[in-house]
file coords.cif (mmCIF, C-alpha atoms)
data_query
#
loop_
_atom_site.label_atom_id
_atom_site.label_comp_id
_atom_site.auth_asym_id
_atom_site.auth_seq_id
_atom_site.Cartn_x
_atom_site.Cartn_y
_atom_site.Cartn_z
CA MET A 1 -3.84 -9.72 12.68
CA VAL A 2 -2.37 -8.06 9.62
CA THR A 3 1.13 -7.75 10.95
CA LEU A 4 1.27 -11.01 12.84
CA TYR A 5 3.39 -13.03 10.44
CA ARG A 6 6.69 -13.91 12.05
CA PRO A 7 9.27 -15.73 10.00
CA GLY A 8 10.31 -19.00 11.57
CA ASP A 9 10.56 -22.71 11.16
CA GLY A 10 8.49 -25.57 12.52
CA PRO A 11 5.60 -27.86 11.61
CA TRP A 12 3.09 -25.03 11.20
CA TYR A 13 5.47 -23.16 8.88
CA ARG A 14 6.18 -26.24 6.77
CA LEU A 15 2.54 -27.22 6.31
CA PRO A 16 1.19 -26.02 2.92
CA THR A 17 -1.16 -23.07 3.39
CA GLY A 18 -4.22 -24.83 1.98
CA TRP A 19 -3.82 -27.86 4.27
CA LYS A 20 -3.03 -25.64 7.22
CA THR A 21 -6.19 -23.60 6.64
CA ALA A 22 -8.30 -26.73 6.26
CA LEU A 23 -6.80 -28.34 9.38
CA LEU A 24 -7.36 -25.26 11.52
CA LEU A 25 -10.92 -24.93 10.20
CA VAL A 26 -11.64 -28.53 11.17
CA VAL A 27 -10.17 -28.03 14.66
CA VAL A 28 -12.12 -24.80 15.21
CA LEU A 29 -15.30 -26.47 13.96
CA ALA A 30 -14.75 -29.47 16.26
CA VAL A 31 -14.21 -27.13 19.22
CA CYS A 32 -17.38 -25.24 18.38
CA LEU A 33 -19.37 -28.46 18.44
CA LEU A 34 -18.33 -29.33 21.99
CA PRO A 35 -21.08 -28.94 24.61
CA PRO A 36 -20.97 -25.81 26.79
CA THR A 37 -19.54 -27.41 29.93
CA TRP A 38 -16.58 -26.88 32.26
CA TRP A 39 -14.71 -29.90 30.89
CA ALA A 40 -15.27 -28.70 27.30
CA ALA A 41 -13.69 -25.37 28.24
CA GLY A 42 -10.74 -27.35 29.60
CA VAL A 43 -10.48 -29.33 26.35
CA MET A 44 -10.50 -26.11 24.35
CA ALA A 45 -7.67 -24.71 26.44
CA ALA A 46 -5.78 -27.98 26.00
CA VAL A 47 -6.26 -27.85 22.22
CA CYS A 48 -4.83 -24.31 22.14
CA VAL A 49 -1.85 -25.36 24.24
CA ALA A 50 -1.25 -28.42 22.05
CA CYS A 51 -1.40 -26.35 18.85
CA TYR A 52 1.01 -23.71 20.15
CA ALA A 53 3.39 -25.97 22.07
CA VAL A 54 5.25 -26.98 18.93
CA PRO A 55 8.71 -25.93 17.73
CA GLY A 56 8.72 -22.50 16.13
CA ILE A 57 5.70 -21.11 18.03
CA GLY A 58 5.64 -21.67 21.80
CA LEU A 59 3.31 -20.98 24.68
CA ARG A 60 4.54 -17.42 25.09
CA GLU A 61 3.01 -16.69 21.70
CA LEU A 62 -0.26 -18.24 22.86
CA GLY A 63 -0.20 -15.83 25.78
CA ARG A 64 0.36 -12.90 23.40
CA GLN A 65 -2.52 -13.98 21.19
CA ALA A 66 -4.89 -14.43 24.10
CA TRP A 67 -3.85 -11.05 25.55
CA ALA A 68 -4.44 -9.36 22.19
CA ALA A 69 -7.97 -10.80 22.17
CA ARG A 70 -8.68 -9.88 25.81
CA TRP A 71 -11.31 -7.20 25.16
CA ILE A 72 -13.27 -9.44 22.81
CA VAL A 73 -13.15 -12.15 25.46
CA VAL A 74 -14.20 -9.75 28.22
CA VAL A 75 -17.13 -8.38 26.21
CA THR A 76 -18.21 -11.88 25.17
CA LEU A 77 -18.00 -13.20 28.72
CA ALA A 78 -19.79 -10.20 30.25
CA GLY A 79 -22.61 -10.43 27.70
CA GLN A 80 -23.04 -14.15 28.26
CA LEU A 81 -23.04 -13.81 32.06
CA ILE A 82 -26.09 -11.56 31.87
CA PHE A 83 -28.21 -14.26 30.27
CA LEU A 84 -26.51 -17.59 31.05
CA ASP A 85 -25.09 -19.47 34.01
CA PRO A 86 -21.29 -19.24 34.56
CA GLU A 87 -20.59 -22.67 33.07
CA HIS A 88 -22.28 -21.83 29.75
CA ALA A 89 -20.78 -18.33 29.71
CA VAL A 90 -17.21 -19.52 30.33
CA ALA A 91 -17.50 -22.35 27.79
CA ASN A 92 -18.81 -19.96 25.12
CA ALA A 93 -16.11 -17.40 25.85
CA ALA A 94 -13.51 -20.19 25.69
CA ARG A 95 -14.93 -21.18 22.30
CA VAL A 96 -14.46 -17.64 20.96
CA THR A 97 -10.96 -17.37 22.45
CA THR A 98 -9.97 -20.72 20.95
CA ALA A 99 -11.24 -19.74 17.50
CA ILE A 100 -9.33 -16.43 17.62
CA THR A 101 -6.07 -17.92 18.87
CA LEU A 102 -6.17 -20.81 16.38
CA ALA A 103 -6.91 -18.36 13.53
CA GLY A 104 -3.89 -16.44 14.79
CA LEU A 105 -1.75 -19.49 14.07
CA LEU A 106 -2.57 -19.14 10.39
CA THR A 107 -1.58 -15.48 10.07
CA LEU A 108 1.37 -16.00 12.39
CA THR A 109 2.96 -18.69 10.24
CA THR A 110 1.82 -17.72 6.73
CA PRO A 111 3.06 -14.74 4.69
CA ALA A 112 0.20 -12.53 3.49
CA THR A 113 1.01 -13.20 -0.19
CA GLU A 114 0.57 -16.95 0.38
CA LEU A 115 -2.68 -16.35 2.23
CA LEU A 116 -3.81 -14.19 -0.65
CA ASP A 117 -2.96 -16.92 -3.16
CA THR A 118 -4.81 -19.50 -1.05
CA VAL A 119 -7.92 -17.35 -0.71
CA GLU A 120 -7.77 -16.74 -4.45
CA ARG A 121 -7.52 -20.48 -5.21
CA ALA A 122 -10.28 -21.30 -2.75
CA MET A 123 -12.57 -18.78 -4.43
CA GLN A 124 -11.80 -20.06 -7.92
CA PRO A 125 -14.99 -22.20 -8.15
CA LEU A 126 -17.04 -19.07 -7.45
CA ALA A 127 -15.70 -17.55 -10.67
CA ARG A 128 -18.48 -19.45 -12.48
CA LEU A 129 -20.96 -17.36 -10.52
CA GLY A 130 -19.34 -14.16 -11.74
CA LEU A 131 -17.07 -13.52 -8.74
CA ASP A 132 -13.54 -12.37 -9.57
CA PRO A 133 -11.34 -14.38 -7.13
CA GLN A 134 -8.28 -12.16 -7.62
CA ARG A 135 -10.28 -9.04 -6.88
CA ALA A 136 -11.98 -10.62 -3.86
CA ALA A 137 -8.67 -11.80 -2.37
CA LEU A 138 -7.09 -8.42 -3.02
CA THR A 139 -10.03 -6.61 -1.42
CA LEU A 140 -9.57 -8.74 1.68
CA SER A 141 -5.84 -8.08 1.80
CA VAL A 142 -6.16 -4.34 1.23
CA THR A 143 -8.89 -4.10 3.86
CA LEU A 144 -6.69 -5.79 6.44
CA SER A 145 -3.57 -3.81 5.64
CA THR A 146 -5.52 -0.53 5.71
CA LEU A 147 -6.56 -0.99 9.35
CA PRO A 148 -3.28 0.37 10.81
CA VAL A 149 -3.55 3.40 8.52
CA LEU A 150 -7.10 4.11 9.69
CA ALA A 151 -5.94 3.85 13.30
CA ARG A 152 -3.09 6.29 12.60
CA LEU A 153 -5.45 8.75 10.88
CA ALA A 154 -7.79 8.59 13.88
CA ARG A 155 -4.87 9.33 16.20
CA ASP A 156 -3.76 12.25 14.00
CA VAL A 157 -7.24 13.81 14.02
CA ARG A 158 -7.57 13.34 17.78
CA GLU A 159 -4.17 14.93 18.42
CA ALA A 160 -5.00 17.86 16.12
CA GLN A 161 -8.28 18.29 18.01
CA LEU A 162 -6.48 18.35 21.36
CA ALA A 163 -3.73 20.67 20.06
CA ARG A 164 -6.40 23.20 19.08
CA GLY A 165 -7.95 23.07 22.52
CA GLY A 166 -10.88 20.91 21.51
CA GLY A 167 -12.27 18.20 23.73
CA ARG A 168 -13.11 14.70 22.67
CA SER A 169 -16.22 15.70 20.75
CA LEU A 170 -17.35 12.95 18.38
CA ARG A 171 -18.89 15.52 16.06
CA HIS A 172 -15.62 17.45 15.70
CA PHE A 173 -13.75 14.18 15.23
CA ALA A 174 -16.04 12.57 12.65
CA MET A 175 -15.90 15.15 9.87
CA PRO A 176 -12.11 15.56 9.48
CA TYR A 177 -11.66 11.83 10.00
CA LEU A 178 -14.14 11.05 7.24
CA VAL A 179 -12.41 13.51 4.90
CA MET A 180 -8.99 11.97 5.63
CA VAL A 181 -10.28 8.43 5.16
CA LEU A 182 -11.90 9.31 1.82
CA LYS A 183 -8.71 11.05 0.70
CA HIS A 184 -6.69 7.99 1.68
CA ALA A 185 -9.13 5.74 -0.21
CA ASP A 186 -8.72 7.93 -3.28
CA GLU A 187 -4.91 7.81 -3.09
CA LEU A 188 -4.89 4.08 -2.41
CA GLY A 189 -7.09 3.55 -5.46
CA ASP A 190 -4.58 5.45 -7.58
CA ALA A 191 -1.67 3.49 -6.08
CA LEU A 192 -3.40 0.19 -6.85
CA ALA A 193 -4.19 1.30 -10.40
CA VAL A 194 -0.60 2.26 -11.17
CA ARG A 195 0.62 -1.07 -9.79
CA GLY A 196 -1.46 -2.91 -12.34
CA VAL A 197 -4.70 -3.57 -10.43
CA ARG A 198 -7.77 -2.86 -12.51
CA MET B 1 13.14 5.28 -27.55
CA SER B 2 10.18 7.66 -27.70
CA GLY B 3 9.48 9.83 -24.69
CA VAL B 4 6.50 11.99 -23.86
CA GLU B 5 4.55 13.80 -26.54
CA LEU B 6 1.57 16.05 -25.79
CA GLU B 7 -0.25 17.94 -28.51
CA ASN B 8 -2.85 20.58 -27.68
CA VAL B 9 -3.87 18.72 -24.55
CA THR B 10 -6.59 20.04 -22.28
CA VAL B 11 -7.58 18.32 -19.03
CA ARG B 12 -10.73 19.38 -17.25
CA LEU B 13 -11.67 18.66 -13.63
CA GLY B 14 -15.25 19.70 -12.88
CA ASP B 15 -15.74 23.08 -14.52
CA THR B 16 -12.06 24.00 -14.58
CA ASP B 17 -9.44 23.38 -17.22
CA VAL B 18 -6.49 22.36 -15.04
CA LEU B 19 -4.27 21.94 -18.10
CA ARG B 20 -4.95 24.11 -21.12
CA ASP B 21 -3.78 23.49 -24.67
CA VAL B 22 -0.45 21.98 -23.63
CA THR B 23 1.98 20.99 -26.35
CA LEU B 24 5.16 19.36 -25.14
CA SER B 25 7.82 17.02 -26.47
CA LEU B 26 10.16 15.50 -23.90
CA ARG B 27 12.99 13.20 -24.92
CA ALA B 28 15.53 13.92 -22.17
CA ARG B 29 16.19 11.11 -19.67
CA THR B 30 15.34 13.13 -16.57
CA VAL B 31 12.73 15.90 -16.62
CA ALA B 32 11.75 18.11 -13.69
CA VAL B 33 8.29 19.69 -13.64
CA VAL B 34 8.08 22.78 -11.45
CA GLY B 35 5.43 25.37 -10.65
CA GLU B 36 3.26 26.73 -7.88
CA ASN B 37 0.65 24.72 -5.99
CA GLY B 38 -2.45 24.30 -8.12
CA SER B 39 -0.63 25.13 -11.35
CA GLY B 40 -1.37 21.73 -12.93
CA LYS B 41 1.90 19.86 -12.28
CA SER B 42 0.29 16.91 -10.56
CA THR B 43 -2.39 16.71 -13.24
CA LEU B 44 0.39 16.48 -15.81
CA ALA B 45 1.90 13.59 -13.82
CA ARG B 46 -1.51 11.90 -13.58
CA LEU B 47 -1.99 12.34 -17.31
CA LEU B 48 1.30 10.57 -18.04
CA SER B 49 0.34 7.79 -15.61
CA GLY B 50 -3.06 7.22 -17.21
CA LEU B 51 -4.85 8.40 -14.05
CA ALA B 52 -6.20 11.55 -15.71
CA VAL B 53 -7.73 11.65 -19.17
CA ALA B 54 -7.27 14.42 -21.71
CA ARG B 55 -10.51 16.10 -22.75
CA GLU B 56 -8.88 17.33 -25.94
CA GLY B 57 -5.59 16.71 -27.71
CA THR B 58 -3.22 13.79 -28.15
CA VAL B 59 -1.07 12.14 -25.48
CA ARG B 60 1.71 9.66 -26.20
CA VAL B 61 3.85 8.18 -23.44
CA LEU B 62 6.63 5.90 -24.71
CA GLY B 63 4.60 5.75 -27.92
CA LEU B 64 1.49 4.55 -26.04
CA ASP B 65 -1.91 6.19 -25.76
CA PRO B 66 -2.66 6.18 -21.98
CA ALA B 67 -6.41 6.17 -22.59
CA ARG B 68 -6.40 3.12 -24.90
CA GLN B 69 -3.30 1.12 -23.98
CA VAL B 70 -3.55 1.33 -20.23
CA ALA B 71 -2.40 -2.25 -19.47
CA GLU B 72 0.80 -1.82 -21.49
CA LEU B 73 1.29 1.62 -19.93
CA ARG B 74 1.03 0.14 -16.41
CA ARG B 75 3.67 -2.43 -17.33
CA ARG B 76 6.15 0.13 -18.61
CA VAL B 77 5.45 3.19 -16.48
CA ALA B 78 5.88 3.21 -12.70
CA VAL B 79 4.47 5.97 -10.52
CA VAL B 80 5.60 7.22 -7.12
CA PHE B 81 3.40 9.58 -5.11
CA SER B 82 4.28 11.95 -2.30
CA ASN B 83 2.40 10.11 0.47
CA PRO B 84 4.11 6.76 1.03
CA ASP B 85 1.33 5.50 3.32
CA ALA B 86 -1.13 5.47 0.46
CA GLN B 87 1.19 3.35 -1.68
CA ILE B 88 1.66 0.49 0.75
CA VAL B 89 -0.72 -2.36 0.10
CA MET B 90 0.69 -5.43 1.82
CA PRO B 91 1.50 -6.02 5.50
CA THR B 92 5.23 -6.67 5.26
CA VAL B 93 8.01 -4.98 3.31
CA ALA B 94 8.93 -7.97 1.10
CA GLU B 95 5.29 -8.78 0.42
CA ASP B 96 4.57 -5.23 -0.62
CA VAL B 97 7.40 -5.31 -3.15
CA ALA B 98 6.25 -8.75 -4.37
CA PHE B 99 2.77 -7.31 -4.89
CA SER B 100 4.07 -5.25 -7.82
CA LEU B 101 5.00 -8.50 -9.59
CA ARG B 102 1.61 -10.19 -9.20
CA THR B 103 0.58 -9.41 -12.76
CA GLU B 104 3.84 -10.78 -14.20
CA LYS B 105 4.00 -14.48 -14.91
CA LEU B 106 6.95 -15.45 -12.75
CA SER B 107 7.78 -18.59 -10.83
CA ARG B 108 7.92 -18.27 -7.07
CA GLN B 109 11.71 -18.47 -7.18
CA GLU B 110 12.00 -15.78 -9.85
CA ARG B 111 9.67 -13.56 -7.88
CA THR B 112 11.69 -14.05 -4.70
CA GLU B 113 14.96 -13.33 -6.51
CA ARG B 114 13.59 -10.13 -8.04
CA VAL B 115 12.22 -8.96 -4.68
CA THR B 116 15.46 -9.78 -2.84
CA ALA B 117 17.54 -7.93 -5.43
CA ALA B 118 15.26 -4.87 -5.30
CA LEU B 119 15.26 -4.78 -1.49
CA GLY B 120 19.06 -4.98 -1.48
CA ARG B 121 19.31 -2.16 -4.00
CA PHE B 122 17.18 0.16 -1.86
CA GLY B 123 18.85 -0.81 1.43
CA LEU B 124 15.74 -2.55 2.73
CA ALA B 125 17.02 -6.13 2.85
CA ASP B 126 17.24 -6.15 6.64
CA LEU B 127 13.64 -4.92 6.90
CA ALA B 128 12.14 -7.52 4.54
CA ASP B 129 9.93 -9.14 7.19
CA ARG B 130 9.07 -5.95 9.08
CA SER B 131 5.54 -4.55 9.10
CA SER B 132 5.33 -1.99 6.26
CA HIS B 133 3.35 0.45 8.36
CA ASP B 134 5.90 0.44 11.18
CA LEU B 135 8.63 1.91 8.96
CA SER B 136 9.79 5.51 9.20
CA GLY B 137 8.61 7.99 6.55
CA GLY B 138 11.91 7.73 4.65
CA GLN B 139 11.87 3.94 4.73
CA LYS B 140 8.25 3.92 3.53
CA GLN B 141 9.13 6.11 0.57
CA LEU B 142 12.11 3.86 -0.24
CA LEU B 143 9.67 0.94 -0.09
CA ALA B 144 7.33 2.74 -2.50
CA LEU B 145 10.28 3.28 -4.86
CA CYS B 146 11.32 -0.33 -4.48
CA GLY B 147 7.77 -1.46 -5.37
CA ALA B 148 7.90 0.74 -8.46
CA PHE B 149 11.41 -0.21 -9.59
CA VAL B 150 11.09 -3.98 -9.08
CA ARG B 151 9.11 -4.09 -12.32
CA ASN B 152 12.05 -2.56 -14.26
CA PRO B 153 9.93 0.25 -15.74
CA ASP B 154 11.00 2.24 -18.80
CA LEU B 155 9.62 5.46 -17.31
CA VAL B 156 9.15 6.56 -13.70
CA VAL B 157 6.72 9.37 -12.94
CA ALA B 158 7.27 10.75 -9.44
CA ASP B 159 4.91 13.33 -7.97
CA GLU B 160 6.73 15.18 -5.18
CA PRO B 161 8.40 12.00 -3.90
CA THR B 162 10.50 13.89 -1.33
CA ALA B 163 7.74 16.13 0.04
CA TYR B 164 7.33 14.23 3.34
CA LEU B 165 11.02 13.51 3.93
CA ASP B 166 13.85 15.03 5.93
CA ALA B 167 17.01 16.15 4.13
CA PRO B 168 19.02 12.89 4.33
CA ASN B 169 16.07 10.76 3.25
CA ALA B 170 15.13 13.22 0.50
CA ARG B 171 18.69 13.00 -0.77
CA ARG B 172 18.65 9.19 -0.65
CA VAL B 173 15.36 9.00 -2.56
CA ALA B 174 16.54 11.57 -5.11
CA ASP B 175 19.76 9.64 -5.70
CA HIS B 176 17.82 6.47 -6.41
CA LEU B 177 15.50 8.28 -8.79
CA LEU B 178 18.09 10.21 -10.75
CA GLU B 179 21.20 8.09 -10.81
CA ASP B 180 19.76 4.95 -12.40
CA ALA B 181 20.34 5.36 -16.13
CA ALA B 182 18.12 2.38 -17.00
CA HIS B 183 14.89 4.37 -17.06
CA ARG B 184 13.49 7.76 -17.95
CA MET B 185 12.19 10.01 -15.23
CA VAL B 186 9.53 12.72 -14.96
CA LEU B 187 9.82 14.33 -11.57
CA VAL B 188 7.23 16.78 -10.26
CA THR B 189 8.89 18.73 -7.48
CA HIS B 190 9.01 21.88 -5.38
CA ASP B 191 12.61 21.09 -4.48
CA LEU B 192 14.54 23.38 -6.82
CA ALA B 193 17.91 21.79 -5.93
CA LEU B 194 16.50 18.46 -7.04
CA ALA B 195 15.09 20.01 -10.22
CA ARG B 196 18.56 21.37 -11.04
CA ARG B 197 19.91 17.80 -11.12
CA CYS B 198 17.59 16.91 -14.03
CA ASP B 199 18.48 17.20 -17.73
CA VAL B 200 15.47 19.37 -18.59
CA ALA B 201 12.94 21.40 -16.59
CA VAL B 202 9.36 22.30 -17.45
CA LEU B 203 7.60 25.26 -15.87
CA VAL B 204 3.82 24.94 -15.45
CA GLN B 205 1.84 28.08 -14.60
CA ASP B 206 -1.95 28.37 -14.40
CA GLY B 207 -2.49 25.18 -16.35
CA ALA B 208 -0.11 26.05 -19.17
CA VAL B 209 3.46 25.05 -19.93
CA THR B 210 5.27 28.37 -20.08
CA ARG B 211 8.88 27.30 -20.34
CA VAL B 212 10.92 24.20 -21.26
CA GLY B 213 14.70 24.03 -21.28
CA ALA B 214 17.87 23.78 -19.23
CA PRO B 215 16.99 23.65 -15.50
CA ASP B 216 19.05 26.76 -14.62
CA ASP B 217 17.23 28.89 -17.21
CA VAL B 218 13.76 27.55 -16.38
CA LEU B 219 14.24 27.89 -12.63
CA ALA B 220 15.59 31.43 -13.02
CA ALA B 221 12.44 32.31 -14.98
CA TYR B 222 10.30 30.60 -12.32
CA GLU B 223 11.96 32.49 -9.47
CA ALA B 224 11.67 35.78 -11.36
CA SER B 225 7.95 35.18 -11.87
CA ILE B 226 7.21 34.63 -8.18
CA ARG B 227 5.48 37.60 -6.59
CA TRP B 228 6.57 37.72 -2.91
#
call {"tool": "encode", "arguments": {"input": "coords.cif", "output": "structure tokens"}}
result
Amino acid sequence: MVTLYRPGDGPWYRLPTGWKTALLLVVVLAVCLLPPTWWAAGVMAAVCVACYAVPGIGLRELGRQAWAARWIVVVTLAGQLIFLDPEHAVANAARVTTAITLAGLLTLTTPATELLDTVERAMQPLARLGLDPQRAALTLSVTLSTLPVLARLARDVREAQLARGGGRSLRHFAMPYLVMVLKHADELGDALAVRGVR
Amino acid sequence: MSGVELENVTVRLGDTDVLRDVTLSLRARTVAVVGENGSGKSTLARLLSGLAVAREGTVRVLGLDPARQVAELRRRVAVVFSNPDAQIVMPTVAEDVAFSLRTEKLSRQERTERVTAALGRFGLADLADRSSHDLSGGQKQLLALCGAFVRNPDLVVADEPTAYLDAPNARRVADHLLEDAAHRMVLVTHDLALARRCDVAVLVQDGAVTRVGAPDDVLAAYEASIRW
């Protein structure tokens, strides 16, 4: 999600971020309110196709988004099939897939700085309750952009474990990983401080 | 323009004085800080950046007290660390550079112009929309420098900025740091060739500044003091 933005041109790119967010929220909400039936699942798929089949995006991108969300879809579908009939399970899984792929449209067509500004503006009313919108938006952004680093640290620890003849022991993985993550958090805090974040 | 002034400064971490009674006056444009691991070099850099606080003594950086005038210090002093991964905050290259300008009141166009100019200067213009975390180590460090320099700082404090880099990238980063006459530079480094390119060198040993002067003299003293 964090590295999805792809520069381009088209209706989704030209739409102001606030309106785009609101529009996608409304569409996702509408999709969620559909009854759990086969035809509703079909409507959800059609909505996704309609949203992606515009200049600047394309159905290939829809395929990429859906593929990226495949494990979430599989887990959701499998869990639902245990307790529900196939029609309900498929409709619910389609709901989740639609929400993820439509949310992908936002990150795909909006630079992170604009998203950050929008989140900050949207949180402005909460400032009266003592929430610092700038800090909240920044926390969100830093959290998202730290995910690839955490994945890389996990890979580094795992490779070091294997290089030293260790197996895939969770216990031997957890301690060095925790130390590296805390060290990274410390360094990131310093980097934010020196770039003017208090 | 005033530089760095330390008077009887002691910095304590836990139970240990990592800098002890340091008195130092630096007015040269480029200063190299050298010494063994654990000698207190990085603490000196953190002190100048306002990230470490003196337990005793007086610190003045560009005439500012880092403990009391931290906002002004952040505006005028940029810091570059050795690990570029920890300095990247935003998902794409251009956005990460733009992040440094968030606290400055600029129009969107001004911000874009400043970012574009900085990216061009550091050879990153073609990578503007790339994911920051997909860059090579050298490119990441150039991005960190770009994020620091886009604010046009008066002083750059760099703590081993070439430690993770291969020779060509280390050279590229060093050239950017040392050849721009628009700012002062305090460079903590183990790279003695890089230290030789500075105007002045400072030798830190066991938490104390033991020598300040021409890089050749200071580095000769440093090398003579090393017990192999």
call {"tool": "resolve_selection", "arguments": {"input": "coords.cif", "expression": "the PyMOL selection byres ((chain B) within 7 of (chain A))", "output": "ChimeraX atom specification"}}
result
/B:74,78-79,86-87,89-91,95,100,103,131
call {"tool": "residues_around", "arguments": {"input": "coords.cif", "residues": "Thr109 in chain A", "least_positions_apart": "5", "cutoff": "10 Å", "atoms": "all atoms listed in the file", "output": "PyMOL selection string"}}
result
chain A and resi 4-15+17+20+56-57+104
call {"tool": "resolve_selection", "arguments": {"input": "coords.cif", "expression": "the PyMOL selection byres ((chain A and resi 37) around 8)", "output": "list in words"}}
result
Pro35, Pro36, Trp38, Trp39, Ala40, Ala41, Glu87, His88 and Ala91 of chain A
call {"tool": "residues_near_point", "arguments": {"input": "coords.cif", "point": "(9.2, 16.8, -4.6)", "cutoff": "10 Å", "atoms": "only C-alpha atoms", "output": "list of chain:residue names"}}
result
B:Ala32, B:Val33, B:Val34, B:Phe81, B:Ser82, B:Ala158, B:Asp159, B:Glu160, B:Pro161, B:Thr162, B:Ala163, B:Tyr164, B:Leu165, B:Ala170, B:Ala174, B:Leu187, B:Val188, B:Thr189, B:His190, B:Asp191, B:Leu192, B:Leu194, B:Ala195
call {"tool": "resolve_selection", "arguments": {"input": "coords.cif", "expression": "the PyMOL selection byres ((chain B and resi 16-24) around 6)", "output": "JSON list (two decimals) with C-alpha atoms, in the frame of the given file"}}
result
[["chain", "number", "residue", "atom", "x", "y", "z"],
["B", 5, "GLU", "CA", 4.55, 13.80, -26.54],
["B", 6, "LEU", "CA", 1.57, 16.05, -25.79],
["B", 7, "GLU", "CA", -0.25, 17.94, -28.51],
["B", 8, "ASN", "CA", -2.85, 20.58, -27.68],
["B", 9, "VAL", "CA", -3.87, 18.72, -24.55],
["B", 10, "THR", "CA", -6.59, 20.04, -22.28],
["B", 11, "VAL", "CA", -7.58, 18.32, -19.03],
["B", 12, "ARG", "CA", -10.73, 19.38, -17.25],
["B", 13, "LEU", "CA", -11.67, 18.66, -13.63],
["B", 14, "GLY", "CA", -15.25, 19.70, -12.88],
["B", 15, "ASP", "CA", -15.74, 23.08, -14.52],
["B", 25, "SER", "CA", 7.82, 17.02, -26.47],
["B", 40, "GLY", "CA", -1.37, 21.73, -12.93],
["B", 207, "GLY", "CA", -2.49, 25.18, -16.35],
["B", 208, "ALA", "CA", -0.11, 26.05, -19.17]]
call {"tool": "atom_distance", "arguments": {"input": "coords.cif", "atom1": "CA of Gly165 in chain A", "atom2": "CA of Leu150 in chain A"}}
result
22.9 Å
call {"tool": "atom_distance", "arguments": {"input": "coords.cif", "atom1": "CA of Ile88 in chain B", "atom2": "CA of Ala67 in chain B"}}
result
25.3 Å
call {"tool": "residues_around", "arguments": {"input": "coords.cif", "residues": "Arg121 in chain B", "least_positions_apart": "2", "cutoff": "10 Å", "atoms": "all atoms listed in the file", "output": "PyMOL selection string"}}
result
chain B and resi 115-119+123-125+146+149-150+176
